[in-house]
Amino acid sequence: MKTNQFGKKGWTPDRIGDLNGKTYVITGTTSGTGFEAAKILLSKGAEVVMLNRNPKKSEDTIVALKQELGNTIDVSNIQMDLAEQASVKKAASAVLNTVSQIDALICNAAIAQVPKQTLTVDGWESQMGTNHYGNFTLQALLYPLIEKSEGRIVTVGSMGYNLGIKTIQFNDMNWDKNYSPNGVYSQSKLAQIMCVYELQDQLKEAGNTNVKAYACHPGASSTSLIKTSGSLMTRFIWQIMKLTPMVQSAEKGAYPQLMCATEPNLDQSGFYGPTGKNNWTGPVGAHKLEQHAKDKAVAKRLWELSEKETGVVWNM
């Protein structure tokens, strides 16, 4: 077991200094780890722009944050549905018109364990369409401002990346033949993580050292992810697990993404999350990423396919 570079307790938000004058864009902040991450960044003086699908929940979130942190916090919401490319493009352009810098884009929102095959309006399997293509487009469109700000792109993956097939199923990206809620969720998270390391390579090739890209995951955290899209049985098992020490608080689940967004000189080659048993809970730091997630040939092919599918080309 590697020793944690942040000591026995791992990384904690005490390491974050004053964030006045810094701007963070976060997806999926109406509950769970996204909410906790937004709260901690705001408490350190940052400006936070939230991207959420549900306007009513977003308003309630802003009210809750102001109740807790005071009315002077700089928080706003832009409506965005990650599952719809048109919505992602509209939101990205609104972000570019709203802020003059992005110190980090934190891609936290996701859907999981969709019980049966569902397609997005753009014609992709819903978990791939939302978790992978949605984020791919958002990151590409905000990239120019992130580059200008010498900022970061933080992708919140999942240990689920290792629970399905160990490559990308290029011959059936919509899973028409062997759809399984967990298998496809795993695939979407593998795709997200692979694109982080491919982005790093592309930045290197372009000679761009200003932008940093990170991959992390929350471990097993008490969030509503399963509750919102999982089947009844999955939800039932999860509710029981939440009462055991196998699951940590949503606040602790937010630590990896906060670390990747704020920690100076953090090594990009790492994969970050809880370092305890199964990487579900425990001190936050770097830990092992299985080799298949860094398969260069597959990642490059996935990147090219993603540009072709979304019609969005990264301008590096």
# chains A, B, ... in the order shown; residues from 1 in each chain; ligands from 1
>>> select_by_dssp(residues="range 29-229 of chain A", states="helix (DSSP H, G or I)", output="PyMOL selection string")
chain A and resi 32-43+55-69+85-98+126-148+159-162+170-172+181-205+225-229
>>> residues_around(residues="range 16-22 of chain A", least_positions_apart="2", cutoff="9 Å", atoms="only C-alpha atoms", output="PDB file with N, CA and C atoms, in the first residue's frame")
ATOM      1  N   THR A  12      -7.956  16.652   3.038  1.00  0.00           N
ATOM      2  CA  THR A  12      -9.209  17.219   3.566  1.00  0.00           C
ATOM      3  C   THR A  12      -9.301  18.686   3.132  1.00  0.00           C
ATOM      4  N   PRO A  13     -10.508  19.267   3.153  1.00  0.00           N
ATOM      5  CA  PRO A  13     -10.690  20.645   2.687  1.00  0.00           C
ATOM      6  C   PRO A  13      -9.956  21.690   3.529  1.00  0.00           C
ATOM      7  N   ASP A  14      -9.395  21.304   4.684  1.00  0.00           N
ATOM      8  CA  ASP A  14      -8.587  22.256   5.465  1.00  0.00           C
ATOM      9  C   ASP A  14      -7.427  22.767   4.617  1.00  0.00           C
ATOM     10  N   TYR A  24     -15.644  28.597 -10.045  1.00  0.00           N
ATOM     11  CA  TYR A  24     -15.788  27.153 -10.294  1.00  0.00           C
ATOM     12  C   TYR A  24     -17.151  26.883 -10.924  1.00  0.00           C
ATOM     13  N   LEU A  41     -16.669  25.141  -1.513  1.00  0.00           N
ATOM     14  CA  LEU A  41     -16.018  26.168  -2.341  1.00  0.00           C
ATOM     15  C   LEU A  41     -16.556  27.565  -1.992  1.00  0.00           C
ATOM     16  N   LEU A  42     -17.867  27.666  -1.830  1.00  0.00           N
ATOM     17  CA  LEU A  42     -18.477  28.959  -1.472  1.00  0.00           C
ATOM     18  C   LEU A  42     -18.005  29.425  -0.103  1.00  0.00           C
ATOM     19  N   SER A  43     -17.881  28.482   0.823  1.00  0.00           N
ATOM     20  CA  SER A  43     -17.453  28.839   2.189  1.00  0.00           C
ATOM     21  C   SER A  43     -16.027  29.373   2.207  1.00  0.00           C
ATOM     22  N   LYS A  44     -15.255  29.066   1.147  1.00  0.00           N
ATOM     23  CA  LYS A  44     -13.876  29.565   1.065  1.00  0.00           C
ATOM     24  C   LYS A  44     -13.795  30.837   0.222  1.00  0.00           C
ATOM     25  N   GLY A  45     -14.960  31.368  -0.184  1.00  0.00           N
ATOM     26  CA  GLY A  45     -14.986  32.655  -0.875  1.00  0.00           C
ATOM     27  C   GLY A  45     -15.040  32.598  -2.396  1.00  0.00           C
ATOM     28  N   ALA A  46     -15.178  31.396  -2.963  1.00  0.00           N
ATOM     29  CA  ALA A  46     -15.202  31.274  -4.427  1.00  0.00           C
ATOM     30  C   ALA A  46     -16.542  31.690  -5.003  1.00  0.00           C
ATOM     31  N   GLU A  47     -16.529  32.005  -6.292  1.00  0.00           N
ATOM     32  CA  GLU A  47     -17.779  32.135  -7.047  1.00  0.00           C
ATOM     33  C   GLU A  47     -18.099  30.767  -7.615  1.00  0.00           C
ATOM     34  N   VAL A  48     -19.352  30.328  -7.485  1.00  0.00           N
ATOM     35  CA  VAL A  48     -19.752  29.023  -8.006  1.00  0.00           C
ATOM     36  C   VAL A  48     -20.910  29.185  -8.986  1.00  0.00           C
ATOM     37  N   GLN A 101     -13.687  33.900 -16.173  1.00  0.00           N
ATOM     38  CA  GLN A 101     -12.651  32.876 -15.974  1.00  0.00           C
ATOM     39  C   GLN A 101     -13.281  31.608 -15.417  1.00  0.00           C
ATOM     40  N   ILE A 102     -12.605  30.482 -15.631  1.00  0.00           N
ATOM     41  CA  ILE A 102     -13.018  29.212 -15.010  1.00  0.00           C
ATOM     42  C   ILE A 102     -11.764  28.584 -14.416  1.00  0.00           C
ATOM     43  N   ASP A 103     -11.668  28.597 -13.087  1.00  0.00           N
ATOM     44  CA  ASP A 103     -10.504  27.990 -12.432  1.00  0.00           C
ATOM     45  C   ASP A 103     -10.608  26.481 -12.441  1.00  0.00           C
ATOM     46  N   ALA A 104     -11.840  25.973 -12.373  1.00  0.00           N
ATOM     47  CA  ALA A 104     -12.040  24.536 -12.595  1.00  0.00           C
ATOM     48  C   ALA A 104     -13.471  24.278 -13.026  1.00  0.00           C
ATOM     49  N   LEU A 258     -12.959  18.085  -4.900  1.00  0.00           N
ATOM     50  CA  LEU A 258     -12.443  19.356  -4.370  1.00  0.00           C
ATOM     51  C   LEU A 258     -10.917  19.375  -4.423  1.00  0.00           C
ATOM     52  N   MET A 259     -10.311  18.258  -4.085  1.00  0.00           N
ATOM     53  CA  MET A 259      -8.858  18.155  -4.141  1.00  0.00           C
ATOM     54  C   MET A 259      -8.373  18.384  -5.571  1.00  0.00           C
ATOM     55  N   THR A 262      -8.606  22.096  -6.558  1.00  0.00           N
ATOM     56  CA  THR A 262      -7.920  23.167  -5.822  1.00  0.00           C
ATOM     57  C   THR A 262      -6.483  22.875  -5.394  1.00  0.00           C
ATOM     58  N   GLU A 263      -6.104  21.620  -5.243  1.00  0.00           N
ATOM     59  CA  GLU A 263      -4.783  21.301  -4.676  1.00  0.00           C
ATOM     60  C   GLU A 263      -3.661  21.696  -5.655  1.00  0.00           C
TER      61      GLU A 263
END
>>> closest_atom_pairs(of="range 6-99 of chain A", to="range 155-165 of chain A", cutoff="12 Å", atoms="only C-alpha atoms", output="JSON lines")
{"residue": "A:Ile26", "atom": "CA", "partner": "A:Thr155", "partner_atom": "CA", "distance": 10.4}
{"residue": "A:Thr27", "atom": "CA", "partner": "A:Val156", "partner_atom": "CA", "distance": 10.2}
{"residue": "A:Gly28", "atom": "CA", "partner": "A:Val156", "partner_atom": "CA", "distance": 11.0}
{"residue": "A:Thr33", "atom": "CA", "partner": "A:Val156", "partner_atom": "CA", "distance": 10.1}
{"residue": "A:Gly34", "atom": "CA", "partner": "A:Val156", "partner_atom": "CA", "distance": 10.0}
{"residue": "A:Ala37", "atom": "CA", "partner": "A:Val156", "partner_atom": "CA", "distance": 11.8}
>>> residues_around(residues="Tyr214 in chain A", least_positions_apart="4", cutoff="10 Å", atoms="only C-alpha atoms", output="VMD selection string")
chain A and resid 106 152 to 157 193 196 to 197 199 to 200 257 259 to 261 266 to 272
>>> write_last_selection(atoms="N, CA and C atoms", output="JSON list (two decimals), in the first residue's frame")
[["chain", "number", "residue", "atom", "x", "y", "z"],
["A", 106, "ILE", "N", -15.95, 21.27, -12.83],
["A", 106, "ILE", "CA", -16.09, 19.99, -12.13],
["A", 106, "ILE", "C", -17.29, 19.24, -12.70],
["A", 152, "ARG", "N", -8.61, 24.05, -14.71],
["A", 152, "ARG", "CA", -8.60, 22.58, -14.65],
["A", 152, "ARG", "C", -9.93, 22.01, -15.11],
["A", 153, "ILE", "N", -9.86, 20.78, -15.58],
["A", 153, "ILE", "CA", -11.06, 20.01, -15.87],
["A", 153, "ILE", "C", -11.03, 18.80, -14.95],
["A", 154, "VAL", "N", -12.06, 18.68, -14.13],
["A", 154, "VAL", "CA", -12.13, 17.57, -13.16],
["A", 154, "VAL", "C", -13.29, 16.66, -13.54],
["A", 155, "THR", "N", -12.99, 15.42, -13.83],
["A", 155, "THR", "CA", -14.03, 14.45, -14.18],
["A", 155, "THR", "C", -14.27, 13.51, -13.01],
["A", 156, "VAL", "N", -15.51, 13.48, -12.55],
["A", 156, "VAL", "CA", -15.86, 12.58, -11.44],
["A", 156, "VAL", "C", -16.30, 11.25, -12.05],
["A", 157, "GLY", "N", -15.42, 10.27, -11.95],
["A", 157, "GLY", "CA", -15.73, 8.94, -12.46],
["A", 157, "GLY", "C", -16.37, 8.09, -11.37],
["A", 193, "ILE", "N", -13.39, 8.29, -17.85],
["A", 193, "ILE", "CA", -12.04, 8.25, -17.27],
["A", 193, "ILE", "C", -10.98, 8.16, -18.37],
["A", 196, "VAL", "N", -10.06, 11.44, -19.88],
["A", 196, "VAL", "CA", -9.23, 12.35, -19.08],
["A", 196, "VAL", "C", -7.76, 12.17, -19.45],
["A", 197, "TYR", "N", -7.33, 10.91, -19.49],
["A", 197, "TYR", "CA", -5.92, 10.63, -19.76],
["A", 197, "TYR", "C", -5.58, 10.88, -21.24],
["A", 199, "LEU", "N", -7.06, 13.27, -22.95],
["A", 199, "LEU", "CA", -6.97, 14.73, -22.98],
["A", 199, "LEU", "C", -5.59, 15.19, -22.53],
["A", 200, "GLN", "N", -5.08, 14.57, -21.48],
["A", 200, "GLN", "CA", -3.73, 14.92, -21.00],
["A", 200, "GLN", "C", -2.70, 14.72, -22.12],
["A", 257, "GLN", "N", -13.13, 15.41, -5.60],
["A", 257, "GLN", "CA", -13.30, 16.42, -6.65],
["A", 257, "GLN", "C", -12.80, 17.78, -6.19],
["A", 259, "MET", "N", -10.31, 18.26, -4.08],
["A", 259, "MET", "CA", -8.86, 18.15, -4.14],
["A", 259, "MET", "C", -8.37, 18.38, -5.57],
["A", 260, "CYS", "N", -9.01, 17.72, -6.54],
["A", 260, "CYS", "CA", -8.58, 17.84, -7.93],
["A", 260, "CYS", "C", -8.81, 19.26, -8.47],
["A", 261, "ALA", "N", -9.77, 19.97, -7.89],
["A", 261, "ALA", "CA", -10.07, 21.32, -8.36],
["A", 261, "ALA", "C", -9.15, 22.37, -7.75],
["A", 266, "LEU", "N", -0.90, 19.09, -8.12],
["A", 266, "LEU", "CA", -1.36, 17.70, -7.99],
["A", 266, "LEU", "C", -1.01, 16.95, -9.27],
["A", 267, "ASP", "N", -0.43, 15.76, -9.11],
["A", 267, "ASP", "CA", 0.01, 14.96, -10.25],
["A", 267, "ASP", "C", -1.19, 14.51, -11.09],
["A", 268, "GLN", "N", -1.17, 14.84, -12.37],
["A", 268, "GLN", "CA", -2.32, 14.50, -13.24],
["A", 268, "GLN", "C", -2.42, 13.01, -13.55],
["A", 269, "SER", "N", -1.31, 12.30, -13.40],
["A", 269, "SER", "CA", -1.36, 10.88, -13.79],
["A", 269, "SER", "C", -2.11, 10.04, -12.76],
["A", 270, "GLY", "N", -2.36, 10.60, -11.58],
["A", 270, "GLY", "CA", -3.04, 9.84, -10.53],
["A", 270, "GLY", "C", -4.52, 9.65, -10.79],
["A", 271, "PHE", "N", -5.11, 8.69, -10.08],
["A", 271, "PHE", "CA", -6.56, 8.51, -10.04],
["A", 271, "PHE", "C", -6.92, 8.66, -8.57],
["A", 272, "TYR", "N", -7.82, 9.58, -8.25],
["A", 272, "TYR", "CA", -8.00, 10.00, -6.86],
["A", 272, "TYR", "C", -9.36, 9.60, -6.27]]
>>> residues_around(residues="Asp201 in chain A", least_positions_apart="2", cutoff="12 Å", atoms="only C-alpha atoms", output="list in words")
Met194, Cys195, Val196, Tyr197, Glu198, Leu199, Leu203, Lys204, Glu205, Ala206, Gly207, Asn208, Thr209, Val211, Lys212, Ala213, Gln268, Ser269, Lys294, Lys296, Ala299, Lys300, Trp303 and Met316 of chain A
>>> residues_around(residues="range 50-61 of chain A", least_positions_apart="5", cutoff="7 Å", atoms="only C-alpha atoms", output="PyMOL selection string")
chain A and resi 25-30+76-81
>>> select_by_dssp(residues="range 19-121 of chain A", states="strand (DSSP E or B)", output="PyMOL selection string")
chain A and resi 23-27+47-52+74-79+104-107+119
>>> write_last_selection(atoms="C-alpha atoms", output="compact mmCIF listing (two decimals), in the first residue's frame")
# COMPACT_ATOMS: atom_id res chain seq x y z
CA THR A 23 -14.62 30.77 -10.23
CA TYR A 24 -15.79 27.15 -10.29
CA VAL A 25 -18.40 25.63 -12.60
CA ILE A 26 -20.00 22.47 -11.20
CA THR A 27 -22.62 20.14 -12.68
CA GLU A 47 -17.78 32.13 -7.05
CA VAL A 48 -19.75 29.02 -8.01
CA VAL A 49 -21.81 28.59 -11.17
CA MET A 50 -24.02 25.53 -10.92
CA LEU A 51 -25.31 23.63 -13.93
CA ASN A 52 -28.49 21.70 -13.10
CA ASP A 74 -21.63 34.39 -5.11
CA VAL A 75 -23.70 31.50 -6.45
CA SER A 76 -25.84 31.18 -9.55
CA ASN A 77 -27.44 28.46 -11.65
CA ILE A 78 -27.63 27.87 -15.38
CA GLN A 79 -30.17 25.33 -16.55
CA ALA A 104 -12.04 24.54 -12.59
CA LEU A 105 -14.90 22.83 -14.37
CA ILE A 106 -16.09 19.99 -12.13
CA CYS A 107 -18.08 17.38 -14.06
CA LEU A 119 -32.09 6.50 -25.92
>>> atom_distance(atom1="CA of Met173 in chain A", atom2="CA of Trp124 in chain A")
7.9 Å
>>> residues_around(residues="Phe136 in chain A", least_positions_apart="3", cutoff="12 Å", atoms="only C-alpha atoms", output="JSON, numbers by chain")
{"A": [82, 83, 85, 88, 89, 92, 107, 128, 129, 130, 131, 132, 133, 139, 140, 141, 142, 143, 153, 154, 155, 188, 191, 192, 193, 194, 195, 196, 198, 199, 302, 303, 304, 305, 306, 307, 308, 309, 310, 311, 312, 313, 314]}
>>> write_last_selection(atoms="C-alpha atoms", output="short mmCIF file (atom, residue, chain, number, x, y, z; two decimals), in the first residue's frame")
data_model
loop_
_atom_site.label_atom_id
_atom_site.label_comp_id
_atom_site.auth_asym_id
_atom_site.auth_seq_id
_atom_site.Cartn_x
_atom_site.Cartn_y
_atom_site.Cartn_z
CA LEU A 82 -26.51 16.77 -19.79
CA ALA A 83 -28.58 14.24 -21.71
CA GLN A 85 -26.58 18.13 -26.64
CA VAL A 88 -25.36 21.45 -23.12
CA LYS A 89 -24.41 23.83 -25.96
CA ALA A 92 -21.97 26.38 -22.27
CA CYS A 107 -18.08 17.38 -14.06
CA MET A 128 -23.34 6.90 -22.45
CA GLY A 129 -25.18 9.91 -23.89
CA THR A 130 -25.37 11.69 -20.54
CA ASN A 131 -22.25 10.64 -18.66
CA HIS A 132 -19.85 10.47 -21.58
CA TYR A 133 -21.04 12.48 -24.60
CA GLN A 139 -15.65 20.24 -21.61
CA ALA A 140 -14.79 20.96 -25.24
CA LEU A 141 -16.98 24.07 -25.40
CA LEU A 142 -15.71 25.52 -22.11
CA TYR A 143 -12.11 24.54 -22.88
CA ILE A 153 -11.06 20.01 -15.87
CA VAL A 154 -12.13 17.57 -13.16
CA THR A 155 -14.03 14.45 -14.18
CA SER A 188 -19.99 5.18 -19.46
CA ALA A 191 -15.30 6.18 -21.23
CA GLN A 192 -15.24 9.29 -19.05
CA ILE A 193 -12.04 8.25 -17.27
CA MET A 194 -10.27 7.19 -20.47
CA CYS A 195 -10.95 10.59 -22.00
CA VAL A 196 -9.23 12.35 -19.08
CA GLU A 198 -6.36 10.99 -23.53
CA LEU A 199 -6.97 14.73 -22.98
CA LEU A 302 -13.00 6.70 -28.39
CA TRP A 303 -11.89 10.35 -28.56
CA GLU A 304 -12.12 10.42 -32.36
CA LEU A 305 -15.50 8.69 -32.29
CA SER A 306 -16.76 11.16 -29.67
CA GLU A 307 -15.76 14.15 -31.79
CA LYS A 308 -17.49 12.55 -34.77
CA GLU A 309 -20.67 11.64 -32.84
CA THR A 310 -21.06 15.00 -31.09
CA GLY A 311 -19.76 17.07 -33.99
CA VAL A 312 -17.74 18.99 -31.41
CA VAL A 313 -14.01 19.29 -32.07
CA TRP A 314 -11.60 20.37 -29.34
#
>>> residues_around(residues="Glu68 in chain A", least_positions_apart="2", cutoff="12 Å", atoms="only C-alpha atoms", output="PyMOL selection string")
chain A and resi 36+39-40+42-43+61-66+70-73
>>> write_last_selection(atoms="N, CA and C atoms", output="PDB file, in the first residue's frame")
ATOM      1  N   GLU A  36     -22.355  19.339  -1.711  1.00  0.00           N
ATOM      2  CA  GLU A  36     -21.325  19.510  -0.675  1.00  0.00           C
ATOM      3  C   GLU A  36     -20.092  20.225  -1.236  1.00  0.00           C
ATOM      4  N   LYS A  39     -20.881  23.882  -1.632  1.00  0.00           N
ATOM      5  CA  LYS A  39     -20.943  24.526  -0.310  1.00  0.00           C
ATOM      6  C   LYS A  39     -19.536  24.842   0.216  1.00  0.00           C
ATOM      7  N   ILE A  40     -18.622  23.874   0.087  1.00  0.00           N
ATOM      8  CA  ILE A  40     -17.265  24.074   0.613  1.00  0.00           C
ATOM      9  C   ILE A  40     -16.525  25.151  -0.192  1.00  0.00           C
ATOM     10  N   LEU A  42     -17.867  27.666  -1.830  1.00  0.00           N
ATOM     11  CA  LEU A  42     -18.477  28.959  -1.472  1.00  0.00           C
ATOM     12  C   LEU A  42     -18.005  29.425  -0.103  1.00  0.00           C
ATOM     13  N   SER A  43     -17.881  28.482   0.823  1.00  0.00           N
ATOM     14  CA  SER A  43     -17.453  28.839   2.189  1.00  0.00           C
ATOM     15  C   SER A  43     -16.027  29.373   2.207  1.00  0.00           C
ATOM     16  N   THR A  61     -31.769  24.974  -3.838  1.00  0.00           N
ATOM     17  CA  THR A  61     -30.362  24.782  -3.470  1.00  0.00           C
ATOM     18  C   THR A  61     -29.716  26.111  -3.120  1.00  0.00           C
ATOM     19  N   ILE A  62     -29.973  27.129  -3.945  1.00  0.00           N
ATOM     20  CA  ILE A  62     -29.396  28.457  -3.683  1.00  0.00           C
ATOM     21  C   ILE A  62     -29.919  29.009  -2.359  1.00  0.00           C
ATOM     22  N   VAL A  63     -31.214  28.819  -2.101  1.00  0.00           N
ATOM     23  CA  VAL A  63     -31.802  29.258  -0.822  1.00  0.00           C
ATOM     24  C   VAL A  63     -31.110  28.541   0.350  1.00  0.00           C
ATOM     25  N   ALA A  64     -30.948  27.226   0.217  1.00  0.00           N
ATOM     26  CA  ALA A  64     -30.321  26.430   1.287  1.00  0.00           C
ATOM     27  C   ALA A  64     -28.880  26.880   1.535  1.00  0.00           C
ATOM     28  N   LEU A  65     -28.139  27.130   0.460  1.00  0.00           N
ATOM     29  CA  LEU A  65     -26.744  27.563   0.593  1.00  0.00           C
ATOM     30  C   LEU A  65     -26.652  28.933   1.258  1.00  0.00           C
ATOM     31  N   LYS A  66     -27.573  29.834   0.898  1.00  0.00           N
ATOM     32  CA  LYS A  66     -27.559  31.178   1.496  1.00  0.00           C
ATOM     33  C   LYS A  66     -27.964  31.140   2.963  1.00  0.00           C
ATOM     34  N   GLY A  70     -24.857  32.523   4.384  1.00  0.00           N
ATOM     35  CA  GLY A  70     -25.095  33.972   4.336  1.00  0.00           C
ATOM     36  C   GLY A  70     -25.430  34.433   2.926  1.00  0.00           C
ATOM     37  N   ASN A  71     -26.072  35.614   2.845  1.00  0.00           N
ATOM     38  CA  ASN A  71     -26.588  36.085   1.557  1.00  0.00           C
ATOM     39  C   ASN A  71     -25.539  36.645   0.616  1.00  0.00           C
ATOM     40  N   THR A  72     -24.317  36.819   1.106  1.00  0.00           N
ATOM     41  CA  THR A  72     -23.314  37.471   0.262  1.00  0.00           C
ATOM     42  C   THR A  72     -22.565  36.483  -0.639  1.00  0.00           C
ATOM     43  N   ILE A  73     -22.850  35.185  -0.511  1.00  0.00           N
ATOM     44  CA  ILE A  73     -22.134  34.208  -1.353  1.00  0.00           C
ATOM     45  C   ILE A  73     -22.464  34.437  -2.831  1.00  0.00           C
TER      46      ILE A  73
END
>>> closest_residue(among="A:Ala38, A:Leu138, A:Leu289, A:Leu69", to="Glu84 in chain A", atoms="only C-alpha atoms")
A:Leu138
>>> atom_distance(atom1="CA of Gly285 in chain A", atom2="CA of Ala220 in chain A")
14.9 Å
>>> atom_distance(atom1="CA of Ile111 in chain A", atom2="CA of Gln127 in chain A")
6.2 Å
>>> decode(residues="range 10-38 of chain A", atoms="N, CA and C atoms", output="mmCIF file, in the first residue's frame")
data_model
loop_
_atom_site.group_PDB
_atom_site.id
_atom_site.type_symbol
_atom_site.label_atom_id
_atom_site.label_comp_id
_atom_site.auth_asym_id
_atom_site.auth_seq_id
_atom_site.Cartn_x
_atom_site.Cartn_y
_atom_site.Cartn_z
ATOM 1 N N GLY A 10 -5.300 11.584 5.000
ATOM 2 C CA GLY A 10 -5.581 11.865 3.602
ATOM 3 C C GLY A 10 -5.890 13.335 3.372
ATOM 4 N N TRP A 11 -6.322 13.633 2.153
ATOM 5 C CA TRP A 11 -6.622 15.024 1.802
ATOM 6 C C TRP A 11 -7.941 15.457 2.459
ATOM 7 N N THR A 12 -7.956 16.652 3.038
ATOM 8 C CA THR A 12 -9.209 17.219 3.566
ATOM 9 C C THR A 12 -9.301 18.686 3.132
ATOM 10 N N PRO A 13 -10.508 19.267 3.153
ATOM 11 C CA PRO A 13 -10.690 20.645 2.687
ATOM 12 C C PRO A 13 -9.956 21.690 3.529
ATOM 13 N N ASP A 14 -9.395 21.304 4.684
ATOM 14 C CA ASP A 14 -8.587 22.256 5.465
ATOM 15 C C ASP A 14 -7.427 22.767 4.617
ATOM 16 N N ARG A 15 -7.040 21.999 3.605
ATOM 17 C CA ARG A 15 -5.912 22.391 2.766
ATOM 18 C C ARG A 15 -6.273 23.497 1.767
ATOM 19 N N ILE A 16 -7.572 23.752 1.608
ATOM 20 C CA ILE A 16 -7.980 24.793 0.648
ATOM 21 C C ILE A 16 -7.800 26.165 1.278
ATOM 22 N N GLY A 17 -7.071 27.047 0.597
ATOM 23 C CA GLY A 17 -6.885 28.406 1.099
ATOM 24 C C GLY A 17 -8.051 29.300 0.717
ATOM 25 N N ASP A 18 -7.816 30.608 0.754
ATOM 26 C CA ASP A 18 -8.839 31.588 0.402
ATOM 27 C C ASP A 18 -9.090 31.523 -1.104
ATOM 28 N N LEU A 19 -10.357 31.359 -1.516
ATOM 29 C CA LEU A 19 -10.670 31.230 -2.937
ATOM 30 C C LEU A 19 -11.306 32.497 -3.518
ATOM 31 N N ASN A 20 -11.198 33.614 -2.805
ATOM 32 C CA ASN A 20 -11.736 34.858 -3.349
ATOM 33 C C ASN A 20 -11.140 35.142 -4.711
ATOM 34 N N GLY A 21 -11.994 35.521 -5.668
ATOM 35 C CA GLY A 21 -11.504 35.823 -7.009
ATOM 36 C C GLY A 21 -11.405 34.601 -7.902
ATOM 37 N N LYS A 22 -11.762 33.433 -7.372
ATOM 38 C CA LYS A 22 -11.731 32.215 -8.200
ATOM 39 C C LYS A 22 -13.162 31.790 -8.558
ATOM 40 N N THR A 23 -13.292 31.165 -9.724
ATOM 41 C CA THR A 23 -14.616 30.771 -10.227
ATOM 42 C C THR A 23 -14.631 29.284 -10.566
ATOM 43 N N TYR A 24 -15.644 28.597 -10.045
ATOM 44 C CA TYR A 24 -15.788 27.153 -10.294
ATOM 45 C C TYR A 24 -17.151 26.883 -10.924
ATOM 46 N N VAL A 25 -17.158 26.045 -11.943
ATOM 47 C CA VAL A 25 -18.401 25.632 -12.596
ATOM 48 C C VAL A 25 -18.609 24.162 -12.240
ATOM 49 N N ILE A 26 -19.752 23.852 -11.644
ATOM 50 C CA ILE A 26 -20.004 22.467 -11.203
ATOM 51 C C ILE A 26 -21.343 21.972 -11.721
ATOM 52 N N THR A 27 -21.360 20.740 -12.229
ATOM 53 C CA THR A 27 -22.616 20.136 -12.678
ATOM 54 C C THR A 27 -23.204 19.266 -11.566
ATOM 55 N N GLY A 28 -24.529 19.251 -11.478
ATOM 56 C CA GLY A 28 -25.207 18.354 -10.540
ATOM 57 C C GLY A 28 -25.004 18.715 -9.092
ATOM 58 N N THR A 29 -25.533 19.885 -8.687
ATOM 59 C CA THR A 29 -25.273 20.352 -7.317
ATOM 60 C C THR A 29 -26.523 20.416 -6.444
ATOM 61 N N THR A 30 -27.646 19.861 -6.909
ATOM 62 C CA THR A 30 -28.858 20.002 -6.088
ATOM 63 C C THR A 30 -28.903 19.004 -4.931
ATOM 64 N N SER A 31 -27.969 18.036 -4.925
ATOM 65 C CA SER A 31 -27.907 17.095 -3.793
ATOM 66 C C SER A 31 -26.534 16.424 -3.801
ATOM 67 N N GLY A 32 -26.303 15.580 -2.806
ATOM 68 C CA GLY A 32 -25.121 14.721 -2.795
ATOM 69 C C GLY A 32 -23.781 15.435 -2.833
ATOM 70 N N THR A 33 -22.816 14.786 -3.491
ATOM 71 C CA THR A 33 -21.442 15.291 -3.489
ATOM 72 C C THR A 33 -21.326 16.655 -4.171
ATOM 73 N N GLY A 34 -22.118 16.884 -5.208
ATOM 74 C CA GLY A 34 -22.074 18.169 -5.913
ATOM 75 C C GLY A 34 -22.497 19.322 -5.014
ATOM 76 N N PHE A 35 -23.549 19.086 -4.242
ATOM 77 C CA PHE A 35 -24.027 20.099 -3.287
ATOM 78 C C PHE A 35 -22.943 20.399 -2.250
ATOM 79 N N GLU A 36 -22.355 19.339 -1.711
ATOM 80 C CA GLU A 36 -21.325 19.510 -0.675
ATOM 81 C C GLU A 36 -20.092 20.225 -1.236
ATOM 82 N N ALA A 37 -19.708 19.877 -2.460
ATOM 83 C CA ALA A 37 -18.548 20.527 -3.090
ATOM 84 C C ALA A 37 -18.812 22.016 -3.286
ATOM 85 N N ALA A 38 -20.014 22.346 -3.779
ATOM 86 C CA ALA A 38 -20.377 23.752 -3.998
ATOM 87 C C ALA A 38 -20.334 24.510 -2.675
#
